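Student: Okay, so here is target_5.txt, and as you'll see once you scroll down, it has compact mmCIF, C-alpha atoms.
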```txt
# COMPACT_ATOMS: atom_id res chain seq x y z
CA MET A 175 10.13 17.96 -37.96
CA SER A 176 11.16 14.42 -38.86
CA ALA A 177 8.76 11.47 -38.73
CA VAL A 178 10.70 9.97 -35.85
CA ALA A 179 10.40 13.15 -33.79
CA LEU A 180 6.70 13.35 -34.61
CA PHE A 181 6.17 9.75 -33.45
CA ASP A 182 8.09 10.38 -30.23
CA ALA A 183 6.10 13.53 -29.49
CA THR A 184 2.86 11.65 -30.19
CA ALA A 185 3.89 8.84 -27.88
CA LEU A 186 4.80 11.29 -25.12
CA VAL A 187 1.48 13.15 -25.35
CA PHE A 188 -0.62 9.97 -25.42
CA LEU A 189 1.31 8.32 -22.60
CA ALA A 190 1.13 11.43 -20.43
CA ALA A 191 -2.62 11.61 -21.04
CA ALA A 192 -2.96 7.89 -20.23
CA PHE A 193 -1.00 8.42 -17.00
CA VAL A 194 -3.26 11.30 -15.92
CA LEU A 195 -6.45 9.39 -16.79
CA LEU A 196 -5.30 6.27 -14.99
CA ALA A 197 -4.25 8.28 -11.95
CA ALA A 198 -7.72 9.86 -11.88
CA THR A 199 -9.49 6.51 -12.18
CA PRO A 200 -10.95 5.47 -8.83
CA PRO A 201 -9.66 2.01 -7.81
CA ARG A 202 -12.21 -0.76 -7.42
CA ASP A 203 -11.82 -4.41 -6.47
CA ASP A 204 -13.85 -5.63 -9.43
CA GLY A 205 -12.15 -3.34 -11.92
CA ILE A 206 -8.80 -1.65 -11.64
CA SER A 207 -7.70 -2.44 -8.10
CA ARG A 208 -4.97 -0.60 -6.21
CA GLY A 209 -2.67 -3.56 -6.81
CA LEU A 210 -3.13 -3.10 -10.55
CA LYS A 211 -3.40 0.67 -10.78
CA TYR A 212 -0.13 1.73 -9.21
CA PRO A 213 2.15 -0.81 -10.94
CA LEU A 214 0.42 0.13 -14.20
CA LEU A 215 1.15 3.80 -13.48
CA ILE A 216 4.81 2.90 -12.89
CA GLY A 217 4.88 0.99 -16.19
CA ILE A 218 3.42 3.92 -18.11
CA GLY A 219 5.79 6.20 -16.22
CA LEU A 220 8.73 4.17 -17.54
CA LEU A 221 7.43 4.52 -21.09
CA ILE A 222 6.95 8.26 -20.56
CA PHE A 223 10.57 8.49 -19.48
CA VAL A 224 11.68 6.67 -22.65
CA SER A 225 9.55 8.93 -24.85
CA LEU A 226 10.72 12.06 -23.06
CA SER A 227 14.32 10.99 -23.55
CA ASN A 228 13.65 10.41 -27.26
CA VAL A 229 11.89 13.76 -27.67
CA LEU A 230 14.70 15.66 -25.96
CA GLU A 231 17.23 13.81 -28.10
CA GLN A 232 15.34 14.42 -31.35
CA ALA A 233 14.85 18.10 -30.49
CA GLY A 234 18.57 18.42 -29.92
CA ILE A 235 18.05 19.67 -26.37
CA THR A 236 19.98 17.03 -24.42
CA GLN A 237 21.04 13.40 -24.54
CA VAL A 238 21.60 13.13 -20.83
CA LEU A 239 18.57 10.86 -20.32
CA ASP A 240 19.63 8.51 -23.11
CA GLU A 241 21.81 6.27 -20.95
CA TYR A 242 19.02 5.90 -18.36
CA GLU A 243 16.48 5.16 -21.09
CA ASP A 244 17.88 1.65 -21.41
CA TYR A 245 17.22 0.95 -17.74
CA ALA A 246 13.62 2.02 -18.14
CA GLU A 247 13.19 -0.27 -21.13
CA VAL A 248 14.81 -3.18 -19.32
CA LEU A 249 12.51 -2.70 -16.33
CA PHE A 250 9.31 -2.51 -18.36
CA VAL A 251 8.84 -6.16 -19.36
CA PRO A 252 9.51 -7.66 -15.89
CA LEU A 253 7.15 -5.07 -14.43
CA VAL A 254 4.39 -6.14 -16.82
CA ALA A 255 5.06 -9.77 -15.90
CA TYR A 256 4.82 -8.84 -12.21
CA ILE A 257 1.54 -6.95 -12.76
CA LEU A 258 -0.02 -9.90 -14.55
CA TYR A 259 1.22 -12.46 -12.05
CA SER A 260 0.09 -10.49 -9.01
CA ARG A 261 -3.30 -9.77 -10.56
CA SER A 262 -3.75 -13.41 -11.51
CA SER A 263 -2.76 -14.55 -8.00
CA ALA A 264 -5.13 -12.05 -6.40
CA GLU A 265 -8.02 -13.22 -8.56
CA GLN A 266 -7.31 -16.88 -7.85
CA LEU A 267 -7.16 -16.15 -4.13
CA ARG A 268 -10.47 -14.33 -4.31
CA LEU A 269 -12.05 -17.23 -6.20
CA ALA A 270 -10.72 -19.70 -3.61
CA GLU A 271 -12.11 -17.56 -0.79
CA ASP A 272 -15.49 -17.33 -2.53
CA ALA A 273 -15.52 -21.10 -3.04
CA GLU A 274 -14.63 -21.72 0.60
CA ARG A 275 -17.35 -19.32 1.76
CA GLU A 276 -19.89 -21.06 -0.47
CA MET A 277 -18.76 -24.47 0.76
CA ARG A 278 -19.16 -23.39 4.39
CA ARG A 279 -22.61 -22.00 3.65
CA GLU A 280 -23.65 -25.27 2.01
CA HIS A 281 -22.13 -27.23 4.88
CA GLU A 282 -24.13 -25.19 7.41
CA LEU A 283 -27.29 -25.74 5.38
CA LEU A 284 -26.65 -29.47 5.15
CA MET A 285 -25.89 -29.72 8.86
CA SER A 286 -29.03 -27.81 9.76
CA VAL A 287 -31.06 -30.23 7.62
CA VAL A 288 -29.31 -33.25 9.11
CA GLU A 289 -29.69 -32.00 12.68
CA THR A 290 -33.39 -31.19 12.34
CA THR A 291 -34.49 -34.24 10.37
CA PRO A 292 -36.69 -36.66 12.36
CA ALA A 293 -34.57 -39.61 11.19
CA GLY A 294 -31.45 -40.63 13.00
CA ILE A 295 -28.28 -40.24 10.94
CA VAL A 296 -25.00 -41.80 11.99
CA VAL A 297 -21.53 -42.17 10.54
CA ALA A 298 -20.12 -45.26 12.19
CA GLU A 299 -17.26 -47.68 11.80
CA THR A 300 -16.85 -51.33 12.50
CA GLY A 301 -16.44 -51.69 16.24
CA GLY A 302 -19.02 -49.04 17.07
CA THR A 303 -16.92 -45.89 16.74
CA VAL A 304 -19.28 -43.07 15.83
CA SER A 305 -17.76 -40.23 13.80
CA PHE A 306 -20.98 -38.29 13.58
CA ALA A 307 -24.55 -38.60 14.82
CA ASN A 308 -27.33 -36.09 14.49
CA ASP A 309 -29.53 -35.02 17.37
CA GLU A 310 -32.11 -37.74 16.79
CA ALA A 311 -29.50 -40.48 16.53
CA ARG A 312 -27.70 -39.31 19.66
CA HIS A 313 -30.98 -39.55 21.51
CA VAL A 314 -31.69 -43.08 20.30
CA LEU A 315 -28.18 -44.43 20.70
CA GLY A 316 -27.70 -42.78 24.06
CA LEU A 317 -24.61 -40.91 22.91
CA PRO A 318 -23.27 -37.89 24.78
CA ALA A 319 -23.49 -34.33 23.53
CA PRO A 320 -21.80 -33.81 20.16
CA SER A 321 -18.17 -34.65 20.63
CA PHE A 322 -16.88 -36.99 17.97
CA PRO A 323 -15.51 -39.55 17.48
CA VAL A 324 -17.13 -41.41 20.33
CA GLN A 325 -17.37 -45.10 21.19
CA ALA A 326 -20.94 -46.38 21.50
CA SER A 327 -21.96 -48.56 24.41
CA GLU A 328 -21.35 -52.28 24.02
CA ALA A 329 -24.91 -53.20 23.00
CA VAL A 330 -25.25 -50.32 20.54
CA ALA A 331 -21.74 -50.96 19.17
CA ALA A 332 -22.72 -54.53 18.37
CA ASP A 333 -25.77 -53.28 16.44
CA LEU A 334 -23.76 -50.67 14.57
CA THR A 335 -21.09 -53.23 13.71
CA ALA A 336 -23.73 -55.55 12.32
CA ILE A 337 -25.24 -52.81 10.17
CA VAL A 338 -21.85 -51.52 9.01
CA ALA A 339 -20.84 -55.05 8.02
CA SER A 340 -24.02 -55.50 5.98
CA ALA A 341 -23.81 -52.16 4.12
CA PRO A 342 -24.95 -51.24 1.59
CA VAL A 343 -28.50 -51.96 2.71
CA ARG A 344 -31.66 -50.03 2.13
CA GLY A 345 -34.78 -49.89 4.29
CA ILE A 346 -34.26 -53.15 6.18
CA ARG A 347 -36.29 -53.66 9.33
CA TYR A 348 -34.02 -53.81 12.28
CA ARG A 349 -34.73 -54.34 15.92
CA GLY A 350 -31.93 -53.23 18.12
CA PHE A 351 -30.09 -50.24 19.51
CA ALA A 352 -31.06 -51.55 22.97
CA ALA A 353 -34.56 -50.36 22.25
CA PRO A 354 -37.57 -51.40 24.30
CA GLU A 355 -39.45 -54.42 23.16
CA GLY A 356 -41.62 -53.85 20.14
CA ALA A 357 -39.61 -50.97 18.64
CA TRP A 358 -38.44 -51.57 15.09
CA TYR A 359 -36.35 -49.40 12.85
CA ALA A 360 -36.14 -49.05 9.11
CA VAL A 361 -32.39 -48.85 8.51
CA SER A 362 -30.43 -47.86 5.44
CA ALA A 363 -26.66 -47.87 5.29
CA THR A 364 -24.18 -46.96 2.62
CA PRO A 365 -20.36 -46.93 2.47
CA LEU A 366 -18.63 -43.57 2.54
CA SER A 367 -15.69 -42.79 0.32
CA GLY A 368 -14.20 -40.38 2.87
CA SER A 369 -14.05 -40.08 6.62
CA LEU A 370 -15.64 -37.44 8.82
CA SER A 371 -13.37 -38.29 11.70
CA ASP A 372 -9.68 -37.98 12.41
CA THR A 373 -9.44 -41.55 13.54
CA GLY A 374 -8.72 -43.03 10.15
CA GLY A 375 -10.45 -46.17 8.98
CA SER A 376 -12.31 -44.19 6.38
CA TRP A 377 -12.94 -47.25 4.24
CA SER A 378 -14.95 -48.91 6.97
CA SER A 379 -17.14 -45.86 7.62
CA ARG A 380 -20.83 -46.18 6.83
CA TRP A 381 -23.52 -43.58 6.58
CA ILE A 382 -26.49 -45.02 8.40
CA VAL A 383 -29.98 -43.60 8.26
CA ALA A 384 -32.47 -45.12 10.66
CA ARG A 385 -36.04 -44.26 11.43
CA ALA A 386 -38.53 -46.02 13.64
CA SER A 387 -41.09 -48.13 11.87
CA CYS A 388 -43.59 -47.22 14.61
CA SER A 389 -45.21 -50.61 14.42
CA LYS A 390 -46.32 -50.57 18.03
CA ARG A 391 -46.35 -46.86 18.67
CA THR A 392 -49.46 -45.77 20.51
CA ALA A 393 -48.57 -42.16 21.05
CA SER A 394 -51.34 -39.64 20.57
CA SER A 395 -51.31 -37.37 17.56
CA SER A 396 -50.39 -34.40 19.70
CA ALA A 397 -47.35 -36.26 20.94
CA ARG A 398 -46.10 -36.80 17.39
CA THR A 399 -44.60 -33.36 17.33
CA SER A 400 -42.47 -34.16 20.34
CA ARG A 401 -39.07 -35.55 19.52
CA THR A 402 -38.88 -37.69 22.62
CA SER A 403 -42.28 -39.22 22.12
CA GLY A 404 -42.23 -39.47 18.33
CA CYS A 405 -41.29 -42.57 16.41
CA TRP A 406 -38.26 -43.27 18.51
CA PRO A 407 -38.85 -45.36 21.59
CA THR A 408 -38.68 -43.47 24.84
CA MET B 219 25.02 -2.04 -34.34
CA TYR B 220 22.87 -3.35 -31.55
CA GLN B 221 23.49 -2.74 -27.85
CA GLU B 222 23.59 -5.38 -25.12
CA SER B 223 20.61 -3.84 -23.34
CA GLU B 224 18.53 -4.18 -26.51
CA ILE B 225 19.34 -7.88 -26.67
CA VAL B 226 18.40 -8.23 -22.99
CA ASP B 227 15.09 -6.49 -23.68
CA LEU B 228 14.35 -8.82 -26.55
CA LEU B 229 15.31 -11.93 -24.58
CA MET B 230 13.02 -10.92 -21.74
CA VAL B 231 10.18 -10.42 -24.19
CA ILE B 232 10.86 -13.82 -25.75
CA PHE B 233 11.03 -15.69 -22.44
CA LEU B 234 8.45 -13.83 -20.37
CA THR B 235 5.71 -13.35 -22.97
CA PRO B 236 4.66 -17.03 -23.10
CA ILE B 237 4.38 -17.02 -19.30
CA MET B 238 2.35 -13.83 -19.43
CA VAL B 239 -0.10 -15.26 -21.96
CA ALA B 240 -1.59 -17.68 -19.43
CA ASN B 241 -1.93 -14.92 -16.84
CA VAL B 242 -3.53 -12.53 -19.33
CA ARG B 243 -6.15 -15.14 -20.18
CA ALA B 244 -6.84 -15.81 -16.50
CA ILE B 245 -7.32 -12.25 -15.30
CA HIS B 246 -10.47 -10.20 -15.62
CA VAL B 247 -9.53 -6.61 -16.26
CA PRO B 248 -11.94 -4.38 -18.13
CA ASP B 249 -10.60 -3.38 -21.56
CA LYS B 250 -7.43 -5.39 -21.17
CA ARG B 251 -7.15 -5.70 -24.95
CA TRP B 252 -5.85 -2.15 -25.19
CA PHE B 253 -3.03 -2.92 -22.79
CA VAL B 254 -2.26 -6.27 -24.40
CA GLY B 255 -2.02 -4.48 -27.73
CA GLY B 256 0.24 -1.86 -26.15
CA TYR B 257 2.53 -4.53 -24.75
CA LEU B 258 2.75 -6.26 -28.13
CA ALA B 259 3.64 -2.94 -29.73
CA VAL B 260 6.41 -2.49 -27.14
CA ALA B 261 7.67 -5.98 -27.92
CA LEU B 262 7.57 -5.22 -31.63
CA GLY B 263 9.56 -2.05 -30.96
CA TYR B 264 12.24 -4.12 -29.24
CA VAL B 265 12.42 -6.40 -32.26
CA PHE B 266 12.80 -3.42 -34.60
CA THR B 267 15.49 -1.97 -32.32
CA VAL B 268 17.60 -5.10 -32.59
CA LEU B 269 16.93 -5.67 -36.28
CA GLU B 270 17.92 -2.12 -37.21
CA GLY B 271 21.46 -3.06 -36.20
CA PHE B 272 21.55 -5.55 -39.07
CA ILE B 273 19.22 -4.46 -41.84
CA ALA B 274 17.41 -1.34 -43.07
CA PRO B 275 18.49 0.89 -40.19
CA GLU B 276 16.52 3.95 -41.28
CA ALA B 277 13.26 2.18 -41.97
CA LEU B 278 13.39 0.01 -38.87
CA ASN B 279 14.33 2.97 -36.69
CA THR B 280 11.28 4.80 -37.98
CA ALA B 281 9.19 1.67 -37.38
CA GLU B 282 10.52 1.48 -33.83
CA HIS B 283 9.46 5.04 -33.06
CA LEU B 284 6.15 4.46 -34.83
CA SER B 285 5.61 1.53 -32.49
CA HIS B 286 6.20 3.92 -29.57
CA ALA B 287 3.44 6.18 -30.87
CA VAL B 288 1.16 3.17 -31.25
CA VAL B 289 1.97 2.10 -27.67
CA GLY B 290 1.03 5.56 -26.45
CA ALA B 291 -2.24 5.55 -28.41
CA LEU B 292 -3.20 2.06 -27.19
CA PHE B 293 -2.38 2.80 -23.56
CA PHE B 294 -4.30 6.04 -23.82
CA GLY B 295 -7.27 4.12 -25.25
CA GLY B 296 -7.09 1.62 -22.39
CA ALA B 297 -6.79 4.30 -19.73
CA LEU B 298 -9.66 6.27 -21.23
CA SER B 299 -11.84 3.19 -21.38
CA MET B 300 -11.04 2.30 -17.75
CA PHE B 301 -11.68 5.86 -16.66
CA ARG B 302 -15.06 5.96 -18.40
CA SER B 303 -16.22 2.61 -17.04
CA ALA B 304 -15.12 3.59 -13.51
CA ARG B 305 -16.99 6.90 -13.82
CA ALA B 306 -20.07 5.09 -15.14
CA ARG B 307 -20.04 2.77 -12.10
CA VAL B 308 -19.72 5.71 -9.75
CA SER B 309 -22.66 7.40 -11.49
CA GLU B 310 -24.75 4.23 -11.21
CA GLN B 311 -24.07 4.00 -7.49
CA ARG B 312 -25.30 7.55 -7.02
```
Have the structure of the file written as structure tokens, please.
Tutor:
Amino acid sequence: MSAVALFDATALVFLAAAFVLLAATPPRDDGISRGLKYPLLIGIGLLIFVSLSNVLEQAGITQVLDEYEDYAEVLFVPLVAYILYSRSSAEQLRLAEDAEREMRREHELLMSVVETTPAGIVVAETGGTVSFANDEARHVLGLPAPSFPVQASEAVAADLTAIVASAPVRGIRYRGFAAPEGAWYAVSATPLSGSLSDTGGSWSSRWIVARASCSKRTASSSARTSRTSGCWPT
Amino acid sequence: MYQESEIVDLLMVIFLTPIMVANVRAIHVPDKRWFVGGYLAVALGYVFTVLEGFIAPEALNTAEHLSHAVVGALFFGGALSMFRSARARVSEQR
């Protein structure tokens, strides 16, 4: 037996064994997925065909497969390119989905914190357009149920415009928001680089955090746990 | 003398391999080195196939068929490694 025939026979045996092993390997998403397994089997199948053709030719049995051997060889490289591209795309898609899921989870966490915080938080623009307000801020500003963007009432809009125009500010005492006499708020405001609304004007948006200074609050300690009778004027 | 299909094979290897390199680095397939090695051996076989039409036909023909045997061994190694790791995961789950 010549060296060439020996190499061809070796290739055929190994490739056939690889085909059987791969076919018996259970597909898994984090390992060899179905999208990888079956194209890989086809690729190995093409190489088996080439080796079989060579073995039959070397053994002097037949050369009938020889003309088809070229087709198998021509198909192999594009098939490998397809396998790699599809696998890479699938992994990138999975990463993007994981990132989106994580972002949504973080967004929900942030929103739950913002909605339950005892301070009022508002995203407002010059002119009194409110892109977002948490539960506490909606209560203070007299805004309707969450449906943004919304235009604040004239008096509140004037206050918001004044604060937006003065941003960035931190912890200033502010008396306004059409509050009853004696109610003061500690207000912080900072510019936002993006907009939470679809109304545009993102460069004029301000993130405003306001909490009552409670300077004249006389509520009892038991009432402090009530949102409506806490620091915000009722 | 070389055949047209052999030149086509070689050209595809030359043009597609650089594109594949980025994808190979990006994907996470257990024991992918075996298959990468197998692909490189296939590519080497294509080079030998074309070269044997110009120089050292006997030696390069033998080298080409040797590369086929190497491809088989490397793919077998990769398949065996995948099979074992998949079986190990199944055993862990039980």
Student: Compile the contact shell of region 233-241 of chain B as a list of chain:residue names: residues with an atom at most 12 Å away, counting only C-alpha atoms, same-chain residues fewer than 6 positions apart removed.
Tutor: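 My reading of the contact set: A:Phe250, A:Val251, A:Pro252, A:Leu253, A:Val254, A:Ala255, A:Tyr256, A:Ile257, A:Leu258, A:Tyr259, A:Ser260, A:Arg261, A:Ser262, A:Ser263, A:Ala264, A:Glu265, A:Gln266, B:Val226, B:Asp227, B:Val247, B:Lys250, B:Val254, B:Tyr257, B:Leu258, B:Val260, B:Ala261.
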Student: Find the residues of chain A in contact range of chain B, meaning any atom within 6 Å when counting all atoms listed in the file, and list them as a list in words.
Tutor: Val178, Phe181, Thr184, Ala185, Phe188, Leu189, Ala192, Leu195, Leu196, Thr199, Val248, Leu258 and Ser262 of chain A
Student: Which of these, A:Glu247, A:Pro320, A:Met285, A:Leu180, has the shortest distance to Thr267 (chain B) once you count all atoms listed in the file?
Tutor: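 The closest residue to Thr267 (chain B) is A:Glu247.
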Student: Take CA of Glu243 (chain A) and CA of Ile206 (chain A) and report the distance between them in Å, one decimal.
Tutor: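 Here the two named atoms are 27.8 Å from each other.
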Student: So, with all atoms listed in the file as the atoms that count, which of A:Ala270, A:Met175, A:Leu214, A:Ser286 lies closest to Gly234 (chain A)?
Tutor: A:Met175
Student: Could you check how far CA of Leu229 (chain B) sits from CA of Val265 (chain B), in Å to one decimal?
Tutor: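 According to the coordinates, CA of Leu229 (chain B) and CA of Val265 (chain B) are separated by 9.9 Å.
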Student: A:Thr236, A:Asn308, A:Ser225, A:Ser176: which is nearest Val288 (chain A), counting only C-alpha atoms?
Tutor: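 Smallest separation from Val288 (chain A) among the options: A:Asn308.
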Student: Please compute the CA of Ala336 (chain A)-CA of Pro318 (chain A) distance, one decimal, in Å.
Tutor: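 For CA of Ala336 (chain A) relative to CA of Pro318 (chain A), the distance reads 21.6 Å.
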